[in-house]
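*Asks:* One structure, pasted below without further comment.
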Amino acid sequence: MSLRQWSRDLGLGVRFAFSGGREGWIRAVLTAVGVGLGVAVLLLTTAAPNALEVRHDREQARLDWPLGEPPVKSDKTLLIAQSDTTFRDKDIRGRMLEPEGSGAPLPPGVSRFPAKGDMFVSPALKRLLAADDSAPLRERLPYHVVGTIGENGLVGSQELAYYSGATGLSMHVNGGGSVSRLETFGDPNPSHEKTDPVLLLLILVVIVVLLMPVAVFIAAAVRFGGERRDRRLAALRLIGSDSRMTRRIAAGEAMAGSLLGLVLGTVFFLIGRQVAGTVEVVGVSVWPSYLDPSPALAALVVLAVPTAAVLVTLFALRGVVIEPLGVVRTAKPARRRLWWRLLLPLGGVAMLYPMIGQGHANGDFNQYLVSGGVILILVGITALLPWLVEAVVARLGSGGVAWQLAVRRLQLSSGTAARMVNGIAVAVAGAIALQMLFAGVDSDYTKSTGQDVSRAQMQVGVPDGAPLAPTARKFAETKAVRKVTALWEGYLGDTSWKTENGPNTLGALAVGDCPALRELAELPSCEDGDTFVLDGAGNSDDGAHLNKPGKKLYFEQSSDDHSPDVQWTVPPGVKKAHAVKGLTDWERDGFLMTPSALPKAAEKRVSGEIYLSIDESVPDAYEYARNTAFRVDPLSQPMNWTATRQDTKFSSIRTGLLVGAAAVLALIGASLLVSQLEQLRERRKLLSSLVAFGTRRRTLGLSVLWQTAIPIVLGLLLAATVGITLGAVLLRMTDTPVDVDWPSVLAMTGIGAAVVLLVTLLSLPPLLRLLRPDGLRTE
């Protein structure tokens, strides 16, 4: 067979698709919509690597801490202070700027330095500040907005960020705080840290799981209207076309729909690209300019979709006998064979088996074996589901009229019903496997912080030398603060900190009132003016060495601090106290002091930490505490306490999965709706005939619902089985004990069922319109 003959037959099919009257156009449009939705998701996927790279580059370009030796003050230096904050669980990136000369570097996205009291804000923060219920945030950011940060200074369209003007930052540069001096933004020599093998495995599986349902939907979309098309092909046989030519013409019709789908997909992608710039999903947002598909990957999509349409059509027609007087598909088809369908998932397991037990320590997983194995297992669902539906519906017994109509329809066309469910089954199976994998390795990337959230929910650092009692009192008077534990911490040494090597022996020091000290130790008795020595699990020998009556100890001071030493003489009869696990889950050693026991001159040598217990029943409870912290010190960054902290890369991968899953679920719903409408269109005359013969519309409606429900239940059961199997194999690959995460299995299955239920409800109005006798009219 020559290439010329192939191209002529395919071209004839394309012409039939667009010149075959109303039926041809409707089928082409339905196919194009289904393919277009898939193409849009594929194009968004090909744009994802570029979006991630641009986000990373933007983040790197605005790095604002000196790398290497800090620069000295000059006409080209800038003082910058971190002033990040949080508002109702939304992180806000804040920076205070003070240029030290005309050559100071401007941060990306800002045209000039804001004066003191002014600020540049991101567009999203500007909208948030203008909201009626953002009064607590406006109190914390009492600056005048003089401009917006440009796109090149933000990692996403919905990022909350600001730059404010400041003065007097130089006194904080060497204080170990959040103020830095720099000559340029960004890292001139960025380094790329090697990613953990298990995280790479997660990334590979996420990509495959998200793309497989898209491929399945595209394959199903090119087969829309298959039964009507086959009857039209019989007419071609009648005028002299042979069977092979007829199949090629059918492939040309499918290719026409896929080509139109490429056009619609590009339109959908451009619309989605603009919409993506206005939304935030799981804390992630992008600018539309980020979503530029890779030319090579986009070209691959353009070539792969029409090619797949041709191959899928030829494959679908392999068992159909098209004769001049009809299509021998309406006869009872031969029973599907199971053996070759089992080879696909078994082959996938065989590809993954060599990596069982590889874990973290044995190098990277083979990406080709991982991708191929997961694809074969998921594709196995599309092969097994038609057999499962056929085997089950063949054994279904008698029932009501609606049940019998549905079962008989499924017995005649179980393949069509299975195709509609394939995509949702693949998506659910992949989601179950991923949830099992994430749940299994979660403990490896989630660590305890040691913070006792039952005793405090927020921690605030206060400036060095701030008065003890008045600072704590400001927080105690704050709305929604139930309890304040104020501790000032520092170190004592046996010699001056100005000596060449510093003190030989160090002892920790904590200063607070009696209730605060009882959070750290069991005190025999306590009143203001007492001093205690701890027998904690730390370096208690050093504490005993320092605890000698009359011994002079020196308070900690920085090397560039030229003020006189502050000494403290250990008094006789220092009380002993037994250390307990404090607020941060570790036992202290050294000394405890009440405020009166601390020398007045030493107040500037200790730094304060205030631990707050918050009444979370009060609306915006945390915002009141943050505002008080800002009034105490504009550079303070209050920290919410959490019992655990998760690895950033692991969290990013999980976030990426959630974002991708949201897009795939939208595709699943839209494609299922198109498929359902196409099925109803094909059955229009049959349904109208039954109505004309007196069948109740309620009965017909229930039969259509049963035709949807039976394959969905079977598909979800198969998806759960395959998903659990794949999840178990992946867990064994990471050398993690296999534990089925049943809540996730039920949740993923429930989400799949909910999507189908929503699509079914949306298809009811057109179904009711079809259930009328005038549907028999024809031209």
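The chains in the structure tokens are called A, B, ... from first to last as shown; in each chain the residues are counted from 1, and the ligands are counted from 1 in the order shown.
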According to DSSP computed on the backbone, where in range 50-239 of chain A is there alpha helix (DSSP H)? Give the residues as a PyMOL selection string.
*Replies:* chain A and resi 50-61+123-130+135-140+197-221+226-238
*Asks:* Tell me which protein, DNA and RNA residues are within 10 Å of range 394-399 of chain A, counting only C-alpha atoms, leaving out same-chain ones fewer than 3 positions away, and put them as an MDAnalysis selection string.
*Replies:* chainID A and resid 388:391 402:405 407:408 410:412 414
*Asks:* Taking only C-alpha atoms into account, name the residue in A:Ala47, A:Leu762, A:Ala662, A:Met733 that is nearest to Val281 in chain A.
*Replies:*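 Checking each candidate against Val281 in chain A, we get A:Ala662 as the closest.
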*Asks:* Point out the residue among A:Ala508, A:Ala429, A:Val704, A:Leu141 with the least atom-to-atom distance to Met748 in chain A, counting only C-alpha atoms.
*Replies:*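 Of A:Ala508, A:Ala429, A:Val704, A:Leu141, the one nearest Met748 in chain A is A:Ala429, counting only C-alpha atoms.
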*Asks:* If you count only C-alpha atoms, which residues fall within 8 Å of Leu30 in chain A, apart from same-chain ones fewer than 2 positions away, as a PDB file with all heavy atoms, in the first residue's frame?
*Replies:*
```pdb
ATOM      1  N   ILE A  26     -21.818  17.445  13.679  1.00  0.00           N
ATOM      2  CA  ILE A  26     -22.034  17.248  15.121  1.00  0.00           C
ATOM      3  C   ILE A  26     -20.996  16.286  15.679  1.00  0.00           C
ATOM      4  O   ILE A  26     -20.395  16.519  16.734  1.00  0.00           O
ATOM      5  CB  ILE A  26     -23.458  16.723  15.383  1.00  0.00           C
ATOM      6  CG1 ILE A  26     -24.487  17.821  15.088  1.00  0.00           C
ATOM      7  CG2 ILE A  26     -23.601  16.252  16.829  1.00  0.00           C
ATOM      8  CD1 ILE A  26     -25.926  17.369  15.225  1.00  0.00           C
ATOM      9  N   ARG A  27     -20.766  15.182  14.941  1.00  0.00           N
ATOM     10  CA  ARG A  27     -19.773  14.221  15.425  1.00  0.00           C
ATOM     11  C   ARG A  27     -18.384  14.842  15.466  1.00  0.00           C
ATOM     12  O   ARG A  27     -17.617  14.661  16.418  1.00  0.00           O
ATOM     13  CB  ARG A  27     -19.759  12.988  14.528  1.00  0.00           C
ATOM     14  CG  ARG A  27     -18.713  11.979  14.958  1.00  0.00           C
ATOM     15  CD  ARG A  27     -18.755  10.720  14.107  1.00  0.00           C
ATOM     16  NE  ARG A  27     -17.723   9.808  14.582  1.00  0.00           N
ATOM     17  CZ  ARG A  27     -16.468   9.816  14.168  1.00  0.00           C
ATOM     18  NH1 ARG A  27     -16.095  10.694  13.255  1.00  0.00           N
ATOM     19  NH2 ARG A  27     -15.586   8.972  14.653  1.00  0.00           N
ATOM     20  N   ALA A  28     -18.043  15.625  14.432  1.00  0.00           N
ATOM     21  CA  ALA A  28     -16.719  16.256  14.390  1.00  0.00           C
ATOM     22  C   ALA A  28     -16.553  17.248  15.535  1.00  0.00           C
ATOM     23  O   ALA A  28     -15.490  17.306  16.166  1.00  0.00           O
ATOM     24  CB  ALA A  28     -16.508  16.946  13.044  1.00  0.00           C
ATOM     25  N   ALA A  32     -14.021  17.032  18.535  1.00  0.00           N
ATOM     26  CA  ALA A  32     -13.075  18.135  18.701  1.00  0.00           C
ATOM     27  C   ALA A  32     -13.105  18.685  20.116  1.00  0.00           C
ATOM     28  O   ALA A  32     -12.060  19.021  20.686  1.00  0.00           O
ATOM     29  CB  ALA A  32     -13.399  19.244  17.693  1.00  0.00           C
ATOM     30  N   VAL A  33     -14.309  18.788  20.712  1.00  0.00           N
ATOM     31  CA  VAL A  33     -14.391  19.304  22.078  1.00  0.00           C
ATOM     32  C   VAL A  33     -13.692  18.351  23.039  1.00  0.00           C
ATOM     33  O   VAL A  33     -12.905  18.769  23.918  1.00  0.00           O
ATOM     34  CB  VAL A  33     -15.858  19.521  22.488  1.00  0.00           C
ATOM     35  CG1 VAL A  33     -15.954  19.855  23.970  1.00  0.00           C
ATOM     36  CG2 VAL A  33     -16.462  20.642  21.668  1.00  0.00           C
ATOM     37  N   GLY A  34     -13.972  17.043  22.899  1.00  0.00           N
ATOM     38  CA  GLY A  34     -13.317  16.076  23.774  1.00  0.00           C
ATOM     39  C   GLY A  34     -11.811  16.084  23.614  1.00  0.00           C
ATOM     40  O   GLY A  34     -11.067  16.117  24.611  1.00  0.00           O
ATOM     41  N   ALA A 221     -12.343  10.075  23.002  1.00  0.00           N
ATOM     42  CA  ALA A 221     -13.031  11.148  22.276  1.00  0.00           C
ATOM     43  C   ALA A 221     -13.026  10.902  20.774  1.00  0.00           C
ATOM     44  O   ALA A 221     -14.000  11.238  20.088  1.00  0.00           O
ATOM     45  CB  ALA A 221     -12.386  12.494  22.593  1.00  0.00           C
ATOM     46  N   PHE A 224     -16.075   8.950  19.403  1.00  0.00           N
ATOM     47  CA  PHE A 224     -17.448   9.417  19.543  1.00  0.00           C
ATOM     48  C   PHE A 224     -18.226   9.123  18.250  1.00  0.00           C
ATOM     49  O   PHE A 224     -17.715   9.295  17.144  1.00  0.00           O
ATOM     50  CB  PHE A 224     -17.487  10.918  19.800  1.00  0.00           C
ATOM     51  CG  PHE A 224     -17.122  11.298  21.215  1.00  0.00           C
ATOM     52  CD1 PHE A 224     -16.936  12.633  21.567  1.00  0.00           C
ATOM     53  CD2 PHE A 224     -16.967  10.336  22.193  1.00  0.00           C
ATOM     54  CE1 PHE A 224     -16.600  12.984  22.861  1.00  0.00           C
ATOM     55  CE2 PHE A 224     -16.639  10.684  23.494  1.00  0.00           C
ATOM     56  CZ  PHE A 224     -16.447  12.006  23.813  1.00  0.00           C
ATOM     57  N   VAL A 674     -19.320  15.585  27.938  1.00  0.00           N
ATOM     58  CA  VAL A 674     -19.375  15.520  26.474  1.00  0.00           C
ATOM     59  C   VAL A 674     -19.685  14.099  26.024  1.00  0.00           C
ATOM     60  O   VAL A 674     -20.502  13.869  25.122  1.00  0.00           O
ATOM     61  CB  VAL A 674     -18.038  16.011  25.876  1.00  0.00           C
ATOM     62  CG1 VAL A 674     -18.021  15.801  24.369  1.00  0.00           C
ATOM     63  CG2 VAL A 674     -17.831  17.487  26.188  1.00  0.00           C
ATOM     64  N   GLU A 678     -22.962  12.767  23.963  1.00  0.00           N
ATOM     65  CA  GLU A 678     -22.812  12.050  22.694  1.00  0.00           C
ATOM     66  C   GLU A 678     -23.577  10.732  22.716  1.00  0.00           C
ATOM     67  O   GLU A 678     -24.227  10.344  21.745  1.00  0.00           O
ATOM     68  CB  GLU A 678     -21.321  11.812  22.431  1.00  0.00           C
ATOM     69  CG  GLU A 678     -21.015  11.191  21.083  1.00  0.00           C
ATOM     70  CD  GLU A 678     -21.002   9.664  21.144  1.00  0.00           C
ATOM     71  OE1 GLU A 678     -20.846   9.126  22.247  1.00  0.00           O
ATOM     72  OE2 GLU A 678     -21.158   9.031  20.086  1.00  0.00           O
TER      73      GLU A 678
END
```
*Asks:* Do a neighbour search on Pro634 in chain A at 10 Å with only C-alpha atoms, toss out local chain neighbours closer than 3 positions, and write the hits as a ChimeraX atom specification.
*Replies:* /A:81-83,96,140-141,462-463,627-631,637
*Asks:* For range 411-487 of chain A against range 725-729 of chain A, with a cut-off of 10 Å and counting only C-alpha atoms, what is the closest atom pair and its distance in Å to one decimal for every residue that makes the cut, ordered by chain and number, as CSV?
*Replies:*
```
residue,atom,partner,partner_atom,distance
A:Ala429,CA,A:Leu726,CA,8.3
A:Gly430,CA,A:Leu726,CA,8.1
A:Ala431,CA,A:Gly727,CA,9.4
A:Ile432,CA,A:Gly727,CA,7.1
A:Ala433,CA,A:Gly727,CA,3.9
A:Leu434,CA,A:Gly727,CA,6.6
A:Gln435,CA,A:Gly727,CA,7.9
A:Met436,CA,A:Gly727,CA,5.5
A:Leu437,CA,A:Gly727,CA,5.9
A:Phe438,CA,A:Gly727,CA,9.5
A:Gly440,CA,A:Gly727,CA,9.3
```
*Asks:* So that I can check the surroundings of range 56-60 of chain A, please list as a compact mmCIF listing (two decimals) with all heavy atoms, in the first residue's frame every protein, DNA and RNA residue that reaches within 12 Å of it, counting only C-alpha atoms and ignoring chain neighbours fewer than 6 positions away.
*Replies:*
```
# COMPACT_ATOMS: atom_id res chain seq x y z
N PRO A 49 7.01 22.76 33.09
CA PRO A 49 8.45 22.89 33.39
C PRO A 49 8.96 24.32 33.24
O PRO A 49 9.76 24.79 34.06
CB PRO A 49 9.11 21.95 32.36
CG PRO A 49 8.04 20.96 32.02
CD PRO A 49 6.76 21.72 32.08
N ASN A 50 8.48 25.02 32.21
CA ASN A 50 8.91 26.41 32.04
C ASN A 50 8.40 27.28 33.17
O ASN A 50 9.12 28.16 33.67
CB ASN A 50 8.40 26.94 30.70
CG ASN A 50 8.86 28.38 30.44
OD1 ASN A 50 10.03 28.64 30.25
ND2 ASN A 50 7.92 29.31 30.46
N ARG A 93 5.29 38.39 52.14
CA ARG A 93 6.73 38.66 52.07
C ARG A 93 6.96 40.16 52.22
O ARG A 93 6.48 40.95 51.41
CB ARG A 93 7.30 38.16 50.74
CG ARG A 93 8.80 38.33 50.60
CD ARG A 93 9.26 37.82 49.24
NE ARG A 93 10.70 37.79 49.12
CZ ARG A 93 11.46 38.79 48.67
NH1 ARG A 93 10.88 39.93 48.29
NH2 ARG A 93 12.77 38.68 48.59
N PRO A 107 15.61 46.45 44.22
CA PRO A 107 15.06 45.10 44.10
C PRO A 107 14.28 44.94 42.81
O PRO A 107 13.73 45.93 42.28
CB PRO A 107 14.16 44.96 45.33
CG PRO A 107 13.86 46.35 45.75
CD PRO A 107 15.01 47.21 45.33
N PRO A 108 14.22 43.73 42.25
CA PRO A 108 13.45 43.52 41.01
C PRO A 108 12.00 43.93 41.17
O PRO A 108 11.38 43.70 42.21
CB PRO A 108 13.57 42.00 40.78
CG PRO A 108 14.78 41.58 41.53
CD PRO A 108 14.87 42.50 42.72
N GLY A 109 11.46 44.56 40.13
CA GLY A 109 10.06 44.96 40.14
C GLY A 109 9.76 46.29 40.75
O GLY A 109 8.61 46.71 40.79
N GLY A 150 6.40 45.24 40.11
CA GLY A 150 6.24 44.70 38.77
C GLY A 150 6.28 43.18 38.75
O GLY A 150 6.69 42.51 39.70
N GLU A 151 5.87 42.62 37.61
CA GLU A 151 5.80 41.17 37.46
C GLU A 151 7.15 40.50 37.69
O GLU A 151 7.22 39.41 38.25
CB GLU A 151 5.27 40.83 36.07
CG GLU A 151 5.17 39.34 35.78
CD GLU A 151 4.62 39.05 34.41
OE1 GLU A 151 3.79 39.83 33.90
OE2 GLU A 151 5.03 38.03 33.81
N ASN A 152 8.24 41.14 37.26
CA ASN A 152 9.55 40.51 37.40
C ASN A 152 10.05 40.47 38.85
O ASN A 152 11.07 39.85 39.13
CB ASN A 152 10.58 41.24 36.53
CG ASN A 152 10.79 42.68 36.96
OD1 ASN A 152 9.84 43.35 37.39
ND2 ASN A 152 11.99 43.18 36.85
N GLY A 153 9.31 41.09 39.77
CA GLY A 153 9.69 41.04 41.17
C GLY A 153 8.83 40.11 42.01
O GLY A 153 8.98 40.06 43.22
N LEU A 154 7.92 39.37 41.35
CA LEU A 154 7.00 38.48 42.06
C LEU A 154 7.06 37.09 41.43
O LEU A 154 7.20 36.95 40.22
CB LEU A 154 5.57 39.02 41.98
CG LEU A 154 5.34 40.43 42.53
CD1 LEU A 154 3.96 40.94 42.13
CD2 LEU A 154 5.49 40.43 44.05
N VAL A 155 6.92 36.07 42.25
CA VAL A 155 6.96 34.71 41.72
C VAL A 155 5.59 34.26 41.22
O VAL A 155 5.49 33.26 40.50
CB VAL A 155 7.48 33.70 42.77
CG1 VAL A 155 8.90 34.01 43.16
CG2 VAL A 155 6.58 33.66 44.00
N GLY A 156 4.53 34.95 41.59
CA GLY A 156 3.19 34.59 41.14
C GLY A 156 2.26 35.78 41.17
O GLY A 156 2.50 36.76 41.87
N GLU A 159 0.84 36.50 44.66
CA GLU A 159 1.76 36.61 45.79
C GLU A 159 1.51 37.90 46.56
O GLU A 159 1.27 38.97 45.98
CB GLU A 159 3.21 36.57 45.31
CG GLU A 159 4.20 36.61 46.46
CD GLU A 159 5.66 36.65 46.00
OE1 GLU A 159 5.90 36.95 44.82
OE2 GLU A 159 6.53 36.39 46.84
N THR A 184 24.20 43.65 45.76
CA THR A 184 23.44 43.17 44.60
C THR A 184 22.43 42.13 45.06
O THR A 184 22.60 41.48 46.09
CB THR A 184 24.38 42.55 43.55
OG1 THR A 184 23.62 42.16 42.41
CG2 THR A 184 25.10 41.33 44.10
N PHE A 185 21.37 42.01 44.30
CA PHE A 185 20.37 40.98 44.55
C PHE A 185 20.71 39.73 43.75
O PHE A 185 21.32 39.80 42.68
CB PHE A 185 18.97 41.46 44.17
CG PHE A 185 18.38 42.45 45.14
CD1 PHE A 185 18.62 43.81 45.00
CD2 PHE A 185 17.58 42.02 46.19
CE1 PHE A 185 18.07 44.72 45.89
CE2 PHE A 185 17.03 42.93 47.08
CZ PHE A 185 17.29 44.29 46.94
N GLY A 186 20.28 38.59 44.26
CA GLY A 186 20.46 37.34 43.53
C GLY A 186 21.74 36.63 43.90
O GLY A 186 22.62 37.15 44.60
N ASP A 187 21.85 35.38 43.41
CA ASP A 187 23.01 34.54 43.65
C ASP A 187 23.76 34.38 42.33
O ASP A 187 23.24 33.76 41.39
CB ASP A 187 22.56 33.17 44.17
CG ASP A 187 23.75 32.28 44.55
OD1 ASP A 187 24.89 32.71 44.33
OD2 ASP A 187 23.51 31.17 45.05
N PRO A 188 24.97 34.93 42.23
CA PRO A 188 25.71 34.81 40.96
C PRO A 188 26.15 33.39 40.65
O PRO A 188 26.42 33.06 39.50
CB PRO A 188 26.92 35.74 41.18
CG PRO A 188 27.08 35.80 42.66
CD PRO A 188 25.71 35.68 43.24
N ASN A 189 26.24 32.54 41.67
CA ASN A 189 26.68 31.16 41.46
C ASN A 189 25.69 30.21 42.13
O ASN A 189 26.00 29.59 43.15
CB ASN A 189 28.09 30.94 42.04
CG ASN A 189 29.11 31.85 41.40
OD1 ASN A 189 29.28 31.84 40.18
ND2 ASN A 189 29.79 32.65 42.22
N PRO A 190 24.49 30.10 41.54
CA PRO A 190 23.49 29.24 42.19
C PRO A 190 23.92 27.78 42.14
O PRO A 190 24.50 27.31 41.16
CB PRO A 190 22.23 29.47 41.34
CG PRO A 190 22.74 29.93 40.02
CD PRO A 190 23.99 30.70 40.30
N SER A 191 23.65 27.07 43.21
CA SER A 191 23.97 25.65 43.28
C SER A 191 22.68 24.86 43.27
O SER A 191 21.66 25.31 43.78
CB SER A 191 24.77 25.33 44.54
OG SER A 191 24.03 25.69 45.69
N HIS A 192 22.73 23.67 42.69
CA HIS A 192 21.55 22.81 42.61
C HIS A 192 21.78 21.59 43.48
O HIS A 192 22.65 20.77 43.20
CB HIS A 192 21.27 22.41 41.17
CG HIS A 192 20.95 23.58 40.28
ND1 HIS A 192 19.71 24.18 40.26
CD2 HIS A 192 21.72 24.29 39.41
CE1 HIS A 192 19.71 25.19 39.40
NE2 HIS A 192 20.93 25.27 38.87
N VAL A 286 0.62 31.69 39.23
CA VAL A 286 1.60 31.97 38.17
C VAL A 286 1.13 33.19 37.39
O VAL A 286 -0.04 33.58 37.46
CB VAL A 286 1.75 30.77 37.21
CG1 VAL A 286 2.33 29.56 37.93
CG2 VAL A 286 0.42 30.41 36.56
N TRP A 287 2.05 33.75 36.63
CA TRP A 287 1.69 34.77 35.66
C TRP A 287 1.42 34.08 34.33
O TRP A 287 2.03 33.05 34.02
CB TRP A 287 2.83 35.78 35.49
CG TRP A 287 3.09 36.62 36.69
CD1 TRP A 287 4.05 36.42 37.63
CD2 TRP A 287 2.38 37.79 37.09
NE1 TRP A 287 3.99 37.38 38.61
CE2 TRP A 287 2.98 38.26 38.30
CE3 TRP A 287 1.31 38.51 36.57
CZ2 TRP A 287 2.54 39.38 38.96
CZ3 TRP A 287 0.87 39.64 37.23
CH2 TRP A 287 1.48 40.08 38.41
N TYR A 290 4.30 32.86 32.27
CA TYR A 290 5.05 31.66 32.66
C TYR A 290 4.66 30.45 31.82
O TYR A 290 5.47 29.55 31.62
CB TYR A 290 4.78 31.31 34.13
CG TYR A 290 5.34 32.25 35.16
CD1 TYR A 290 5.95 33.44 34.81
CD2 TYR A 290 5.27 31.93 36.51
CE1 TYR A 290 6.45 34.30 35.78
CE2 TYR A 290 5.78 32.77 37.48
CZ TYR A 290 6.36 33.96 37.11
OH TYR A 290 6.85 34.81 38.08
```
*Asks:* Let's see if you can do this: from backbone DSSP, list all strand (DSSP E) residues in range 76-254 of chain A, as a PyMOL selection string.
*Replies:* chain A and resi 78-82+85-87+90-99+118-121+144-148+161-165+179-182
*Asks:* Go through A:Leu523, A:Ala296, A:Ala601, A:Ile424 one by one, measure the shortest atom-to-atom distance of each to Gly752 in chain A using only C-alpha atoms, and give the residue with the smallest value.
*Replies:* A:Ile424
